[in-house]
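Below: the structure, in structure tokens.
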Amino acid sequence: MAELNVEKFYERLNKIHAHFLKHREQIWNGANCVALNRGSSSADDYRKSNVLHLYLFGYELPDTVLMLTKDGKCTVLATKKKCEFLEQAMGKEPKSGSVKKLELLVKTKADNNASNYEMLLKLARGESNGEAVKIGLIKKEFKTDPKDGVVMGWEKKIEEPESNLEVVDCTHGLSMVMAVKEQYELDLIKKSSVLSNKVLKHSFIKDIEDVIENNKTTTHETIAEQINAVIEDPSKINLKVPQDLVQSCYFPIIQSGGDYDFKVSATSNSENVKFDIITVMLGSRYSNYCSNIGRTLLIDPPKQVQQMYDTLLGVHDAALKAMVPGKPLKGVYAAAVKYLRDEGKENLVSSLPKALGFSVGLDFRDGNLLLNAKSTVPFKAGMVFNLAVSFSGLTLSSSARALANDESAVKNLSEYGLVVADMVAITDKGTDIMTKFGRDRGDISYSMLDEDSGDDDEESDEDDADRKLAKKIAKEEADAPSGGRKSSRLAANAASGAADVEGVAERERKQIELMARKNEERLRELARSSRKKGGDEKSKKAEELEAYKSTKNLPDNVLPNQVKVDMANQCVILPICGNPVPFHISTIKNVVLPDPDNAAYLRINFYTGGMAVGKDCPENTSKLVQKYAPYATFIREVTFRSLDSHSLTTAFRQISELRKRARMKEIQDQEEANLVKQDKLVRTKNERVPRLSDLTMRPVFAGRKTQGNLESHTNGLRFISTRGEIVDIMYANVKHAIFQPCENEIMVLIHFHLKNPIMVGKKKQQDIQFFTEVIDASQAVDAGKRSMYDPDEMDDEQRERQLKKRLNEAFKDFARKVETVARKNGYSLEFDIPYRDLAFTGNPHKEMVSIQPTLNCLCNLTETPFFVVDLSDVDHVHFERVTFMSKAFDMVLINKDFTKQPYRIDMIANEEKDSIQEWLTDMEISYTEGPMNLNWKQIMTHVVGDDRFYMDTEEDEVTTKEAGWEFLRMFGKDEADDQEESEEESGYSEQSEEESEEEEDSADEDFDTEEEESDFDGDEDLEEQGMDWEDMEREAAADDRRKKRDGDEDDRPAKRKRRR
């Protein structure tokens, strides 16, 4: 029998009932009770009753009546089998909820449910005293059930005059309740959005590029069928998603050739795809939660279309900014209209759709929550919308078509449309776009034309600098081919010929805006934290040392001229002037026993003021020295001489042992000082416990390999080693859980990054890992050669692949079960999987490893020590050694806690820089870059002491300064504007441009020759010499004079030399 999630059922039922009681008169139309009928028909997956049943039960229960009254009584009329399913919730009503009782009525054939209907009528009327009573129904579904069953009989009973019931619509109230999503729902919608995004990127884009590139003939319907098949089976694009959890929201809509309809009811026709303006809209469901994405592809677009698309993006951004908690839904439409009017394009208002989007969840399109010009419903954190901005019925001017290439399909386009649709979640901080596929013109524009085509309209576009630059680059490549194979893949269009440069510029613009916003957020965070602390933080005072309370407590066996060590009281008793004087062991810096000659010597050095105490000095002793240094007299050292070496040797050994014990005790106290007391593990009883066997744990106990079993219990996990050692990990203490399957590694693992460290053995640990090796880290290789067709070797490889698959599935299944157990007991725990496609190689510690990002971390879990950086703790990222000549760069991740030193990842290949920076921008983490390594210890010391670090003014609040981490920028944010102004001021003719190009060519030849003669390394030069610009200019001038004097300029060959 199917299992009902009782806790979730009552939580959501109480949510509906509480909203009904609070807003009964307005939103629920004054209903006295609510009858939520689910008929037997299942033709429409998005009927409100279907969605409601999935929301409450997790399943659809056809031909069922659920009545909810004001006094908190919930009554369900259904068949016997459905009542048995709901019996799991009987008697488990939470005391804190407004729903007090659940009652089940079983369908009866004897009286055709007459007694059941009378019971429902009685509940509906309540204490009405014969007056007409309003009953809330899903009015759109009222009297639509074609089958004569429970619901049809109940609806006929409601319509009878003697029932004295007035039907009102309760759909709007249900929509309002289900619109605000729980975190669990948001996670499912995000996964659904990622699926839609992946299908668009790896299926549609790939297929449509193949069609255009090879000039294939295919229909819109055919491509839509291919996309639909991928959604239903994501394994076709190598997505490991359970097939039974996914399905298509609707049949994908592909349109081109001037026939555009952006309603969700539109269909893909059987016409052939035209290579002009292609629009795509597709949606997927994951665990019944919906998502939708829409994009427009521009192929050889005229300038008019490009400008119109830029306007569409402006409307999209304006609408996005209006989606703020507390503001009404109609504000989105108003913001779009205002943007068009401010841009002087009011004529485009009529091209906008009536609604710019809708609420999404279990229901694909909630008609009660539309982003139109009328809805007064306020945005709330937790809502999710599909923001779909489009222009339809746009006319392409004859002049624009005339400028198009004769072979372009745009030539035949008279009317067109544009669309951009994204999934947007409303959060307390603003909006979160869940569909990440690029919207910028450079991301969706293509050109089918040859490099030298389009020369006819070159004269008409002389003012377009980007177009001229793209044509010049293309012409140079055609005249002087580089020898590389030209790809037949679609090239970027003329306007976006410098797409990479534009992408970098756009990323830089976003980074400037992001840094400004982050500075404001950090100011608010620091203000809140300072108020919370309230100045209560006081440094611990030094504790006075007390070995003995009085001389009476000295050991009885102390002799006048003997060095005595009291291990119990941790002190050394030294004879000074014949009197025993105790010294606490923490005051002794070191003890030395020189090689004896005629007599033995023992020298004891103490911590004193006026000199560095060293890092090994106990913290309390250091504070005492600092406290008494201004006025106290210290003993720096004491030396003892004895003809009997045995006594001094014994004292030396005992003092050394006592110092070692004291040091270990202090280290242990420091380790345990910040430990947070963990809850006691509650072991699961009377249920099967999820278990993984034969695991190895890292870190290990006492330097030994630790193997054992891992179990999931009520409030945490327990690892029991084969030697009986136990490690408990509480769900509440897990900050990030990561599951890393085995692909190219030798192990499959699960890793826990904890909120608060726990003790493993005698050490404090914040990262705990459990793994199983798929293959041995070291294997013996036979001395003899083996054939590649050796059947034994092929069998070994096959067994290894099967073992990998089996272990991956076992660990994945365990992770899923742990999530279920944690969720069942009220804990939030979800396993992340590293993104391998974003992985890069770097050196975080002492060796090159693969660094992989997850949803919340940047980590390397395969090698030890582990490298796990929580992205929520990263304030800023800085790239060092970024120059044109270096082959690698370093990345520094600065912690929000400035007292901690930044994380470092060294020796990252330059090819990875753009992808890392793109990822950081997507994660809304600011970054800067510079050409040299910085002294971060000195920088962090300065930053900690700067109270106005995130402010853009000095203490006088007038003098401007760079706020936050802007001082790390290689180029200031206003430098580009200054450069443009200087170019406008300087006279620059076409003739001077040609002359400068010739000078650059000759300079290039000189540079190439010098480069061939030099073995100089860019990185080494930058780090070792450290010359500034003035030094380099002086050196270059001297070098030029020397070459001219030696006649190098006259003898230099005119052509470049190439080293073979």
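Ligands are numbered from 1 in the order shown, chains are lettered A, B, ... in the order of the structure tokens, and residues start at 1 in each chain.
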From a DSSP pass on the backbone, collect the residues of segment 225-460 of chain A flagged as alpha helix (DSSP H) and hand them back as a CSV table (one decimal) with C-alpha atoms, in the first residue's frame.
```csv
chain,number,residue,atom,x,y,z
A,225,GLU,CA,9.2,15.7,-30.6
A,226,GLN,CA,12.9,15.2,-30.2
A,227,ILE,CA,12.9,17.7,-27.3
A,228,ASN,CA,9.9,16.0,-25.7
A,229,ALA,CA,11.6,12.6,-25.9
A,230,VAL,CA,14.7,14.0,-24.1
A,231,ILE,CA,12.6,15.5,-21.3
A,232,GLU,CA,10.8,12.1,-20.8
A,303,LYS,CA,20.2,45.9,-36.9
A,304,GLN,CA,16.5,46.7,-36.3
A,305,VAL,CA,15.9,43.2,-34.8
A,306,GLN,CA,19.1,43.5,-32.7
A,307,GLN,CA,17.9,46.8,-31.2
A,308,MET,CA,14.4,45.4,-30.6
A,309,TYR,CA,15.9,42.4,-28.8
A,310,ASP,CA,18.0,44.7,-26.6
A,311,THR,CA,14.8,46.6,-25.7
A,312,LEU,CA,13.2,43.2,-24.8
A,313,LEU,CA,16.0,42.5,-22.4
A,314,GLY,CA,15.6,45.9,-20.9
A,315,VAL,CA,11.9,45.2,-20.3
A,316,HIS,CA,12.9,41.8,-18.8
A,317,ASP,CA,15.4,43.5,-16.3
A,318,ALA,CA,12.9,46.2,-15.4
A,319,ALA,CA,10.2,43.6,-14.7
A,320,LEU,CA,12.7,41.5,-12.6
A,321,LYS,CA,13.6,44.5,-10.4
A,330,LYS,CA,0.7,44.4,-11.2
A,331,GLY,CA,3.8,46.4,-10.4
A,332,VAL,CA,5.7,44.1,-12.8
A,333,TYR,CA,3.5,45.1,-15.8
A,334,ALA,CA,3.7,48.8,-14.7
A,335,ALA,CA,7.5,48.6,-14.6
A,336,ALA,CA,7.6,47.2,-18.1
A,337,VAL,CA,5.3,49.9,-19.5
A,338,LYS,CA,7.3,52.6,-17.6
A,339,TYR,CA,10.6,51.3,-19.1
A,340,LEU,CA,9.2,51.5,-22.7
A,341,ARG,CA,7.9,55.0,-22.1
A,342,ASP,CA,11.1,56.2,-20.6
A,398,SER,CA,11.6,47.0,-46.0
A,399,SER,CA,14.9,48.9,-45.6
A,400,ALA,CA,16.0,46.3,-43.0
A,401,ARG,CA,15.1,43.4,-45.3
A,402,ALA,CA,16.9,45.2,-48.2
A,403,LEU,CA,20.1,45.3,-46.3
A,441,ARG,CA,22.4,38.9,-27.6
A,442,GLY,CA,25.9,37.4,-27.9
A,443,ASP,CA,24.5,34.1,-26.4
A,444,ILE,CA,21.7,33.6,-28.9
```
**Request:** From segment 817-877 of chain A, collect each residue whose DSSP state is strand (DSSP E) and return the set as a list in words.
**Result:**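 Going through segment 817-877 of chain A, the strand (DSSP E) residues come out as Phe831, Asp832, Phe840, Thr841, Gly842, Val849, Ser850, Ile851, Gln852, Pro853, Cys857, Leu858, Cys859, Asn860, Phe867, Val868, Val869, Asp870, Val874, Asp875, His876 and Val877 of chain A.
Atom CA of Ile729 of chain A is positioned 8.7 Å from atom CA of Gln678 of chain A.
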**Item:** Between atom CA of Tyr289 of chain A and atom CA of Lys8 of chain A - distance in Å to one decimal
**Value:**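 Separating atom CA of Lys8 of chain A from atom CA of Tyr289 of chain A is a distance of 16.3 Å.
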**Asked** From the set A:Glu687, A:Glu166, A:Glu346, A:Asp832, which residue has the shortest atom-to-atom contact distance to Ala31 of chain A, counting only C-alpha atoms?
**Response** A:Glu166
**Request:** Find the residues around Asn620 of chain A up to 10 Å (only C-alpha atoms counted), leave out those fewer than 5 positions away in its own chain, and share them as a PyMOL selection string.
**Result:** chain A and resi 540-545+586-587+625-626
Could you write those residues out with N, CA and C atoms, as a CSV table (one decimal), in the first residue's frame?
```
chain,number,residue,atom,x,y,z
A,540,LYS,N,40.0,37.6,27.8
A,540,LYS,CA,40.2,36.9,29.1
A,540,LYS,C,41.4,37.5,29.8
A,541,LYS,N,41.2,37.8,31.1
A,541,LYS,CA,42.3,38.3,31.9
A,541,LYS,C,43.3,37.2,32.3
A,542,ALA,N,44.5,37.6,32.5
A,542,ALA,CA,45.5,36.7,32.9
A,542,ALA,C,45.2,36.2,34.3
A,543,GLU,N,45.4,34.9,34.4
A,543,GLU,CA,45.2,34.2,35.7
A,543,GLU,C,46.5,34.1,36.5
A,544,GLU,N,46.5,34.5,37.7
A,544,GLU,CA,47.7,34.5,38.5
A,544,GLU,C,48.1,33.0,38.8
A,545,LEU,N,49.4,32.7,38.7
A,545,LEU,CA,49.9,31.4,39.0
A,545,LEU,C,50.0,31.1,40.5
A,586,SER,N,54.9,26.6,33.6
A,586,SER,CA,54.6,27.4,32.5
A,586,SER,C,55.5,28.6,32.4
A,587,THR,N,56.3,29.0,33.4
A,587,THR,CA,57.2,30.1,33.4
A,587,THR,C,58.5,29.7,32.7
A,625,VAL,N,53.4,38.1,31.4
A,625,VAL,CA,54.6,38.8,31.1
A,625,VAL,C,54.2,40.2,30.6
A,626,GLN,N,53.2,40.3,29.7
A,626,GLN,CA,52.8,41.6,29.2
A,626,GLN,C,52.3,42.5,30.3
```
**Item:** Exercise: Gly294 of chain A partners within 6 Å, only C-alpha atoms, chain neighbours under 5 positions left out, as a PyMOL selection string
**Value:** chain A and resi 280-281+420-421
**Request:** Using only C-alpha atoms, determine which residues lie at most 8 Å from Leu165 of chain A, disregarding the query and same-chain residues fewer than 2 positions distant; provide the list as a ChimeraX atom specification.
**Result:** /A:125,132-135,158-159,161,163,167
Using 12 Å as the limit and counting only C-alpha atoms, can you tabulate each residue of segment 178-283 of chain A that touches segment 52-65 of chain A, with its shortest atom-to-atom distance in Å and the two atoms involved, as a Markdown table?
```
| residue | atom | partner | partner_atom | distance |
| --- | --- | --- | --- | --- |
| A:Met178 | CA | A:Tyr55 | CA | 8.0 |
| A:Ala179 | CA | A:Tyr55 | CA | 11.3 |
| A:Lys181 | CA | A:Tyr55 | CA | 10.8 |
| A:Glu182 | CA | A:Tyr55 | CA | 11.4 |
| A:Glu185 | CA | A:Tyr55 | CA | 10.1 |
```
Mind dumping the selected residues with all heavy atoms as a CSV table (one decimal), in the first residue's frame?
```
chain,number,residue,atom,x,y,z
A,178,MET,N,-1.1,27.8,-1.7
A,178,MET,CA,-0.1,27.0,-2.4
A,178,MET,C,1.0,27.8,-3.1
A,178,MET,O,2.0,27.3,-3.6
A,178,MET,CB,-0.7,26.0,-3.4
A,178,MET,CG,-1.5,24.9,-2.7
A,178,MET,SD,-2.1,23.6,-3.8
A,178,MET,CE,-3.4,24.5,-4.7
A,179,ALA,N,0.8,29.1,-3.2
A,179,ALA,CA,1.7,30.0,-3.9
A,179,ALA,C,3.0,30.1,-3.2
A,179,ALA,O,4.1,30.2,-3.8
A,179,ALA,CB,1.1,31.4,-4.2
A,181,LYS,N,5.9,28.7,-1.4
A,181,LYS,CA,6.5,27.3,-1.3
A,181,LYS,C,7.4,27.1,-0.1
A,181,LYS,O,8.0,28.0,0.4
A,181,LYS,CB,7.3,27.1,-2.6
A,181,LYS,CG,6.7,27.4,-3.9
A,181,LYS,CD,5.5,26.6,-4.2
A,181,LYS,CE,4.9,26.7,-5.6
A,181,LYS,NZ,4.3,28.1,-5.8
A,182,GLU,N,7.4,25.9,0.4
A,182,GLU,CA,8.3,25.5,1.4
A,182,GLU,C,9.7,25.3,0.8
A,182,GLU,O,9.8,25.2,-0.4
A,182,GLU,CB,7.8,24.2,2.0
A,182,GLU,CG,6.4,24.2,2.6
A,182,GLU,CD,5.8,22.8,2.7
A,182,GLU,OE1,6.5,21.9,2.6
A,182,GLU,OE2,4.6,22.8,3.0
A,185,GLU,N,9.8,22.3,-1.5
A,185,GLU,CA,9.2,22.6,-2.8
A,185,GLU,C,10.1,23.4,-3.7
A,185,GLU,O,10.3,23.2,-4.9
A,185,GLU,CB,7.9,23.3,-2.6
A,185,GLU,CG,6.8,22.5,-1.9
A,185,GLU,CD,5.5,23.2,-1.8
A,185,GLU,OE1,5.4,24.1,-0.9
A,185,GLU,OE2,4.6,23.0,-2.6
```
**Prompt:** Pick the closest to Ser828 of chain A from A:Lys564, A:Gln183, A:Glu711, A:Phe634: which is it, counting only C-alpha atoms?
**Reply:**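 Under the stated criterion, the closest residue is A:Gln183.
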**Asked** Can you list, as a PyMOL selection string, every protein, DNA or RNA residue that comes within 12 Å of Thr108 of chain A when you count only C-alpha atoms, leaving out same-chain residues fewer than 3 positions away?
**Response** chain A and resi 77-80+105+111-117+149-150
**Request:** Figure out the distance between atom CA of Leu968 of chain A and atom CA of Ala909 of chain A, please, to one decimal in Å.
**Result:**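 So the two atoms, atom CA of Ala909 of chain A and atom CA of Leu968 of chain A, lie 21.2 Å apart.
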**Message:** Using only C-alpha atoms, which protein or nucleic acid residues come within 8 Å of Val563 of chain A? Drop anything in the same chain fewer than 6 positions from it, and give the result as number ranges by chain.
**Reply:** A: 572-575, 647-648, 651
